[in-house]
Every structure is written in C-alpha cells, then in structure tokens.
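Source file my_file.cif; content: mmCIF, C-alpha atoms.
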data_protein
loop_
_atom_site.label_atom_id
_atom_site.label_comp_id
_atom_site.auth_asym_id
_atom_site.auth_seq_id
_atom_site.Cartn_x
_atom_site.Cartn_y
_atom_site.Cartn_z
CA MET A 1 86.40 93.14 83.03
CA LEU A 2 83.93 92.77 80.15
CA GLN A 3 81.56 90.96 82.52
CA MET A 4 81.95 93.77 85.06
CA LEU A 5 81.12 96.37 82.42
CA ARG A 6 78.10 94.37 81.29
CA ALA A 7 76.87 94.32 84.92
CA GLN A 8 76.74 98.13 84.99
CA PRO A 9 73.18 99.47 84.51
CA LEU A 10 74.43 101.92 81.86
CA PHE A 11 75.61 99.03 79.66
CA GLU A 12 72.96 96.44 80.52
CA GLY A 13 71.75 94.45 77.51
CA LEU A 14 74.31 95.83 75.06
CA ASP A 15 76.06 93.58 72.54
CA ASP A 16 79.73 92.70 72.83
CA ASP A 17 80.52 94.59 69.63
CA VAL A 18 79.57 97.79 71.48
CA LEU A 19 81.36 96.98 74.74
CA SER A 20 84.47 95.18 73.47
CA PRO A 21 86.14 98.35 72.11
CA LEU A 22 85.92 99.82 75.63
CA MET A 23 88.36 97.19 76.88
CA VAL A 24 91.26 98.91 75.12
CA HIS A 25 90.46 102.14 76.98
CA SER A 26 89.62 100.68 80.41
CA VAL A 27 91.67 99.99 83.52
CA LEU A 28 90.49 97.99 86.54
CA ARG A 29 91.54 99.68 89.77
CA THR A 30 91.26 98.77 93.46
CA TYR A 31 91.30 101.48 96.15
CA LYS A 32 91.72 101.08 99.88
CA LYS A 33 89.17 102.55 102.27
CA LYS A 34 89.56 106.32 102.77
CA SER A 35 91.46 106.74 99.47
CA ILE A 36 91.01 109.88 97.37
CA VAL A 37 90.20 108.85 93.81
CA VAL A 38 89.99 112.35 92.33
CA ASN A 39 90.28 115.84 93.81
CA GLN A 40 88.02 118.76 93.04
CA ASP A 41 89.52 121.03 90.38
CA ASP A 42 91.63 118.17 88.97
CA GLU A 43 92.11 118.12 85.21
CA THR A 44 91.21 114.52 84.36
CA ASP A 45 89.23 112.92 81.58
CA SER A 46 88.08 109.48 82.78
CA VAL A 47 84.72 108.21 83.91
CA TYR A 48 84.67 105.66 86.76
CA PHE A 49 82.23 102.76 87.06
CA ILE A 50 81.92 101.32 90.58
CA CYS A 51 81.96 97.51 90.70
CA GLU A 52 82.35 97.00 94.46
CA GLY A 53 82.31 99.31 97.48
CA ARG A 54 81.05 102.83 98.12
CA VAL A 55 82.39 106.33 97.60
CA ARG A 56 81.31 109.80 98.62
CA ALA A 57 81.43 112.94 96.51
CA PHE A 58 82.27 116.07 98.49
CA ARG A 59 83.47 119.64 98.22
CA ASN A 60 85.59 121.61 100.67
CA ASP A 61 86.91 125.15 100.99
CA GLU A 62 90.19 126.73 102.01
CA ARG A 63 89.11 126.62 105.68
CA GLY A 64 88.76 122.85 105.59
CA GLN A 65 84.97 122.88 105.85
CA GLU A 66 83.29 120.33 103.63
CA ILE A 67 79.89 119.12 102.56
CA THR A 68 79.01 115.66 101.25
CA LEU A 69 77.14 115.88 97.97
CA ASN A 70 76.32 112.24 97.35
CA ILE A 71 77.03 108.64 98.31
CA LEU A 72 77.60 106.27 95.37
CA LYS A 73 77.68 102.47 95.37
CA ALA A 74 78.18 99.54 93.01
CA GLY A 75 76.38 100.19 89.73
CA ASP A 76 76.85 103.97 89.98
CA TYR A 77 79.44 105.99 88.10
CA PHE A 78 81.11 109.37 88.40
CA GLY A 79 83.30 111.66 86.34
CA GLU A 80 80.93 112.16 83.44
CA PHE A 81 80.59 115.92 84.09
CA ALA A 82 84.27 116.65 83.48
CA LEU A 83 84.28 114.19 80.59
CA LEU A 84 81.40 115.88 78.77
CA ASP A 85 82.27 119.56 79.27
CA ASP A 86 86.12 119.40 79.42
CA ARG A 87 86.21 121.35 82.68
CA PRO A 88 87.91 120.49 86.01
CA ARG A 89 86.36 118.11 88.48
CA VAL A 90 83.53 119.74 90.42
CA ALA A 91 83.96 117.47 93.46
CA SER A 92 86.40 115.17 95.22
CA ILE A 93 85.74 111.44 95.50
CA GLU A 94 86.73 109.44 98.59
CA THR A 95 86.19 105.71 99.12
CA LEU A 96 84.11 104.67 102.13
CA ASP A 97 85.03 100.98 101.75
CA GLN A 98 87.62 99.09 99.75
CA THR A 99 86.41 99.87 96.27
CA VAL A 100 86.85 98.31 92.85
CA ALA A 101 86.17 100.56 89.86
CA ILE A 102 86.74 100.57 86.12
CA ALA A 103 88.27 103.79 84.78
CA VAL A 104 87.34 104.42 81.14
CA SER A 105 89.18 107.12 79.21
CA LYS A 106 87.31 109.89 77.43
CA GLY A 107 88.19 108.61 73.96
CA GLY A 108 86.87 105.14 74.61
CA PHE A 109 83.71 106.26 76.37
CA MET A 110 82.82 108.87 73.76
CA GLN A 111 83.24 106.30 70.98
CA CYS A 112 80.87 103.94 72.80
CA PHE A 113 78.54 106.87 73.47
CA SER A 114 78.48 107.72 69.75
CA ASP A 115 77.84 104.12 68.71
CA SER A 116 74.84 103.51 70.97
CA ALA A 117 71.72 105.66 71.19
CA LEU A 118 70.68 103.56 74.21
CA ILE A 119 73.80 104.61 76.16
CA ALA A 120 73.18 108.25 75.20
CA TRP A 121 69.58 108.01 76.42
CA ARG A 122 70.53 106.32 79.70
CA LEU A 123 73.29 108.85 80.35
CA ALA A 124 70.93 111.77 79.68
CA ARG A 125 68.29 110.30 81.99
CA ASN A 126 70.87 109.82 84.74
CA LEU A 127 72.07 113.41 84.37
CA VAL A 128 68.49 114.65 84.67
CA GLN A 129 68.06 112.59 87.86
CA LYS A 130 71.25 114.08 89.32
CA VAL A 131 70.02 117.60 88.55
CA ARG A 132 66.65 116.77 90.10
CA ASN A 133 68.28 115.41 93.26
CA ALA A 134 70.60 118.41 93.49
CA THR A 135 67.60 120.74 93.22
CA LEU A 136 65.80 118.91 96.03
CA ASP A 137 68.94 118.91 98.20
CA CYS A 138 69.39 122.67 97.71
CA SER A 139 65.77 123.38 98.57
CA ASN A 140 66.01 121.15 101.67
CA LEU A 141 69.09 123.03 102.89
CA ALA A 142 67.28 126.33 102.43
CA LEU A 143 63.77 125.44 103.58
CA LEU A 144 63.99 122.62 106.14
CA ASP A 145 65.25 122.75 109.71
CA VAL A 146 68.05 120.38 110.74
CA TYR A 147 65.60 117.68 111.83
CA GLY A 148 63.95 117.75 108.40
CA ARG A 149 67.32 117.59 106.63
CA VAL A 150 68.44 114.63 108.75
CA ALA A 151 65.17 112.82 108.03
CA GLY A 152 65.67 113.51 104.33
CA VAL A 153 69.15 111.98 104.33
CA LEU A 154 67.90 108.87 106.14
CA LEU A 155 65.03 108.38 103.71
CA LYS A 156 67.25 108.95 100.68
CA SER A 157 69.84 106.46 101.96
CA ALA A 158 67.38 103.75 103.06
CA GLU A 159 66.79 100.45 101.31
CA LYS A 160 63.87 98.08 101.81
CA ALA A 161 64.61 94.95 103.85
CA ASP A 162 62.85 91.59 103.49
CA ASP A 163 60.53 92.47 106.38
CA GLY A 164 59.39 95.63 104.60
CA LEU A 165 61.18 98.05 106.91
CA SER A 166 63.57 100.68 105.57
CA VAL A 167 67.20 100.16 106.58
CA VAL A 168 70.08 102.62 106.42
CA SER A 169 73.50 100.93 106.35
CA GLY A 170 77.07 102.14 106.64
CA ILE A 171 76.38 105.78 107.48
CA THR A 172 77.72 107.56 110.57
CA HIS A 173 76.49 110.65 112.39
CA GLN A 174 79.44 112.52 110.89
CA ASP A 175 78.43 111.38 107.40
CA ILE A 176 74.93 112.75 108.00
CA ALA A 177 76.30 115.99 109.44
CA ASN A 178 78.45 116.50 106.34
CA GLN A 179 75.37 116.16 104.15
CA VAL A 180 73.02 118.45 106.10
CA GLY A 181 75.44 121.23 107.02
CA ALA A 182 75.24 120.70 110.80
CA SER A 183 77.55 119.56 113.59
CA ARG A 184 77.92 115.90 114.51
CA GLU A 185 76.71 116.74 118.02
CA MET A 186 73.48 118.22 116.66
CA VAL A 187 72.88 115.15 114.49
CA SER A 188 73.54 112.85 117.47
CA ARG A 189 70.93 114.71 119.55
CA ILE A 190 68.38 114.46 116.75
CA MET A 191 69.06 110.74 116.32
CA GLN A 192 68.58 110.27 120.07
CA ASP A 193 65.25 112.09 119.86
CA MET A 194 64.22 109.83 116.97
CA ARG A 195 65.11 106.73 118.97
CA SER A 196 63.29 108.01 122.07
CA GLY A 197 60.20 108.76 120.00
CA GLY A 198 60.17 105.29 118.47
CA TYR A 199 60.90 106.50 114.96
CA VAL A 200 64.16 104.59 114.51
CA ARG A 201 66.24 101.97 116.25
CA ASN A 202 69.81 100.83 115.87
CA ASP A 203 70.84 97.32 114.88
CA GLY A 204 74.62 97.34 115.08
CA ARG A 205 75.74 99.89 112.47
CA LYS A 206 72.32 99.84 110.78
CA ILE A 207 69.50 102.33 111.38
CA ILE A 208 66.04 100.80 111.13
CA ILE A 209 63.23 103.27 110.29
CA LEU A 210 60.13 102.21 112.23
CA ARG A 211 57.70 105.06 111.59
CA ASP A 212 57.09 107.83 109.07
CA LEU A 213 59.73 110.50 109.72
#
Output the structure of this file as structure tokens.
Amino acid sequence: MLQMLRAQPLFEGLDDDVLSPLMVHSVLRTYKKKSIVVNQDDETDSVYFICEGRVRAFRNDERGQEITLNILKAGDYFGEFALLDDRPRVASIETLDQTVAIAVSKGGFMQCFSDSALIAWRLARNLVQKVRNATLDCSNLALLDVYGRVAGVLLKSAEKADDGLSVVSGITHQDIANQVGASREMVSRIMQDMRSGGYVRNDGRKIIILRDL
C-alpha cells in the first residue's frame, strides 16, 4: 500500500518518513462496478485515493433526476471537501469499473498535510483547478447550446493517442447526457450528426475525434 500511495501524484517524491505514518490510518478497498462509495449528504471524514478504475461524482434530487459533476480515474482523489470543512458530502460517488482505492482517515491525512508544505501546495493547486473547472462547466451549461456542451464533454474527456488523435474511452451517451443536462436521445442525435459530418468516428466503445469540434 505504501507503493500505491507513493504512485499518487499528490504524494510523488515524498520521503517514507512522511508517508509511513499514513499507513496506520489507511485502508485498501476494492469496489465492484456500479458500487456507491459515498452518498451525498453523508457524514464521513475520509479522503479516497483511486489506484485502479474510474468513478463518477454526481448529485440527484428527490425526483430522481441527476447530473454528473466529474469523472475521476487512477491518480485522482475525492473526499477532501468534507475532510477540510467538516460538512456533509456534497456529491455521491459511483464506480464505473471495478475500482481499487485507499481510504485515509481525517486524522492521518491532516497529520501528513501538516508535516509537508509540498502536500499543502499540491492540494491547494488541485482545489483551485476544481473550482476553475466547475466555473467553466457552469458557464457552459448557461451559455452553450446542447451541441456545444456535448463537444465540451468530449474534449474534456479525450486523451491523446499515439497517432496524435484525441480519443474518448469508456463513456456512453447516457454518461454524456448526465453531464450536459440533456436527454440520451438528444445526445445520440448530436453524436450521429458529428459522425455524418466527419467530426468523430467510433472504434468499438471509443470515440475518435477527427476534426476541431
């Protein structure tokens, strides 16, 4: 588990005397696909570091409507909001694949946080990035039409392949719909238009972006 912690970007390059005390406060957990790790409004005090798999953060209301806030993968972490401000969870977390994560209790993480200025700096920078992304997502929902919001999700989710093309993996039309606040049918029509126009193509479950969206 120490090697898994050291592989996390937040702890990269740190000495064992900083990380070793975390072991006492850490638990390695494996979750099946479609498992709920935490629920919004839960009173919990752990931060989770993803070692394998993917999860989505989402919120829903009493009518069952939901919106996906973010997709997180290995190297990402979640739960730091509730840990830092002692308030309930702002979002639910569901696994998209079988997922392995390290849960670190508040006491252990805050001790490590206090002992390392580098961890404090990295955590602050990550929080700023999350606020920046949330601001852009809010403005996109308010200012862009559905096509623009779908294009934004694809670009945000894409990774560069060896051939230089951008590839979106492991995301369904329903996943996109949950992020842009539209129906799955609307997203499917937009994706068909993108394919017809030569902007994207499908390769199995992957979406290959061929032209500027």
Using only C-alpha atoms, find the one residue out of A:Tyr147, A:Tyr199, A:Phe78, A:Tyr31 that sits nearest to Leu165 in chain A.
->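 Using only C-alpha atoms, the shortest distance to Leu165 in chain A belongs to A:Tyr199.
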Pull the closest atom pair for each residue of range 80-125 of chain A that gets at most 10 Å from range 129-133 of chain A, along with the distance in Å to one decimal, counting all atoms listed in the file, ordering rows by chain and then ascending residue number, as CSV.
residue,atom,partner,partner_atom,distance
A:Leu123,CA,A:Gln129,CA,9.9
A:Ala124,CA,A:Gln129,CA,8.7
A:Arg125,CA,A:Gln129,CA,6.3
If you keep C-alpha atoms, can you produce a file of those selected residues as an mmCIF file, in the coordinates of the input?
data_model
loop_
_atom_site.group_PDB
_atom_site.id
_atom_site.type_symbol
_atom_site.label_atom_id
_atom_site.label_comp_id
_atom_site.auth_asym_id
_atom_site.auth_seq_id
_atom_site.Cartn_x
_atom_site.Cartn_y
_atom_site.Cartn_z
ATOM 1 C CA LEU A 123 73.290 108.850 80.350
ATOM 2 C CA ALA A 124 70.930 111.770 79.680
ATOM 3 C CA ARG A 125 68.290 110.300 81.990
#
Carefully work through the PyMOL selection byres ((chain A and resi 29) around 8) for this structure and note down the residues it includes, as a ChimeraX atom specification.
-> /A:27-28,30-31,100-103
For C-alpha atoms, I'd like the residues from the last selection saved as a PDB file, in the coordinates of the input.
ATOM      1  CA  VAL A  27      91.670  99.990  83.520  1.00  0.00           C
ATOM      2  CA  LEU A  28      90.490  97.990  86.540  1.00  0.00           C
ATOM      3  CA  THR A  30      91.260  98.770  93.460  1.00  0.00           C
ATOM      4  CA  TYR A  31      91.300 101.480  96.150  1.00  0.00           C
ATOM      5  CA  VAL A 100      86.850  98.310  92.850  1.00  0.00           C
ATOM      6  CA  ALA A 101      86.170 100.560  89.860  1.00  0.00           C
ATOM      7  CA  ILE A 102      86.740 100.570  86.120  1.00  0.00           C
ATOM      8  CA  ALA A 103      88.270 103.790  84.780  1.00  0.00           C
TER       9      ALA A 103
END
Which of these, A:Arg189, A:His25, A:Lys73, A:Arg87, has the shortest distance to Gly108 in chain A once you count only C-alpha atoms?
->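 Smallest separation from Gly108 in chain A among the options: A:His25.
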For this file, the PyMOL selection byres ((chain A and resi 166) around 9) selects which residues, as a VMD selection string?
-> chain A and resid 155 158 to 161 163 to 165 167 to 168 207 to 210
What is the distance between CA of Ala142 in chain A and CA of Gln40 in chain A, in Å to one decimal?
->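 For CA of Ala142 in chain A relative to CA of Gln40 in chain A, the distance reads 24.0 Å.
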Output the residue selection produced by the PyMOL selection byres ((chain A and resi 15) around 12) on the file above, formatted as a list in words.
-> Leu2, Gln3, Leu5, Arg6, Phe11, Glu12, Gly13, Leu14, Asp16, Asp17, Val18, Leu19, Ser20, Pro21, Cys112, Asp115, Ser116, Leu118 and Ile119 of chain A
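Using all atoms listed in the file, the nearest neighbour of Gly197 in chain A within the list A:Leu213, A:Cys138, A:Leu72, A:Val146 is A:Leu213.
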Can you pull out every residue within 8 Å of Ala74 in chain A, counting all atoms listed in the file, but drop anything in the same chain fewer than 2 positions away, and send it as a PyMOL selection string?
-> chain A and resi 49-54+72+76
Point-to-point distance in Å for CA of Val153 in chain A and CA of Leu69 in chain A =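 Between CA of Leu69 in chain A and CA of Val153 in chain A the gap is 10.9 Å.
Closest to Gly79 in chain A among A:Ala57, A:Ala7, A:Met186, A:Met1 is A:Ala57, based on all atoms listed in the file.
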Check the smallest atom-to-atom distance from each of A:Arg211, A:Arg56, A:Arg89, A:Arg201 to Ile176 in chain A using only C-alpha atoms, then report the winner.
->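 For Ile176 in chain A, the nearest of the given residues is A:Arg56.
Closest approach to Asn70 in chain A from the set A:Glu94, A:Glu185, A:Asp42, A:Asp86 is made by A:Glu94, with distances taken over only C-alpha atoms.
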Quick one, how far is CA of Lys106 in chain A from CA of Tyr48 in chain A?
-> 10.6 Å
Within 10 Å of Ile171 in chain A using all atoms listed in the file, minus same-chain residues under 4 positions, as a list in words = Ile71, Leu96, Leu154, Ser157, Asp175, Ile176, Arg205, Lys206 and Ile207 of chain A
Since the input lacks some atoms of range 148-165 of chain A, please model N, CA and C atoms and print them as a compact mmCIF listing (two decimals), in the frame of the given file.
# COMPACT_ATOMS: atom_id res chain seq x y z
N GLY A 148 64.49 118.11 109.71
CA GLY A 148 63.95 117.75 108.40
C GLY A 148 65.05 117.31 107.45
N ARG A 149 66.22 117.95 107.52
CA ARG A 149 67.32 117.59 106.63
C ARG A 149 67.88 116.22 107.00
N VAL A 150 67.98 115.94 108.31
CA VAL A 150 68.44 114.63 108.75
C VAL A 150 67.47 113.54 108.30
N ALA A 151 66.18 113.79 108.48
CA ALA A 151 65.17 112.82 108.03
C ALA A 151 65.28 112.58 106.54
N GLY A 152 65.53 113.65 105.77
CA GLY A 152 65.67 113.51 104.33
C GLY A 152 66.84 112.64 103.94
N VAL A 153 67.97 112.81 104.62
CA VAL A 153 69.15 111.98 104.33
C VAL A 153 68.87 110.51 104.64
N LEU A 154 68.22 110.26 105.77
CA LEU A 154 67.90 108.87 106.14
C LEU A 154 67.00 108.23 105.10
N LEU A 155 65.97 108.95 104.68
CA LEU A 155 65.03 108.38 103.71
C LEU A 155 65.69 108.16 102.36
N LYS A 156 66.57 109.09 101.97
CA LYS A 156 67.25 108.95 100.68
C LYS A 156 68.23 107.79 100.69
N SER A 157 68.81 107.50 101.86
CA SER A 157 69.84 106.46 101.96
C SER A 157 69.26 105.07 102.26
N ALA A 158 67.98 105.02 102.60
CA ALA A 158 67.38 103.75 103.06
C ALA A 158 67.10 102.80 101.91
N GLU A 159 67.18 101.51 102.24
CA GLU A 159 66.79 100.45 101.31
C GLU A 159 65.80 99.53 102.02
N LYS A 160 64.88 98.97 101.24
CA LYS A 160 63.87 98.08 101.81
C LYS A 160 64.47 96.73 102.18
N ALA A 161 64.18 96.27 103.41
CA ALA A 161 64.61 94.95 103.85
C ALA A 161 63.51 93.93 103.55
N ASP A 162 63.83 92.65 103.78
CA ASP A 162 62.85 91.59 103.49
C ASP A 162 61.58 91.73 104.32
N ASP A 163 61.71 92.32 105.52
CA ASP A 163 60.53 92.47 106.38
C ASP A 163 59.72 93.72 106.07
N GLY A 164 60.13 94.45 105.01
CA GLY A 164 59.39 95.63 104.60
C GLY A 164 59.84 96.92 105.24
N LEU A 165 60.69 96.84 106.26
CA LEU A 165 61.18 98.05 106.91
C LEU A 165 62.31 98.67 106.09
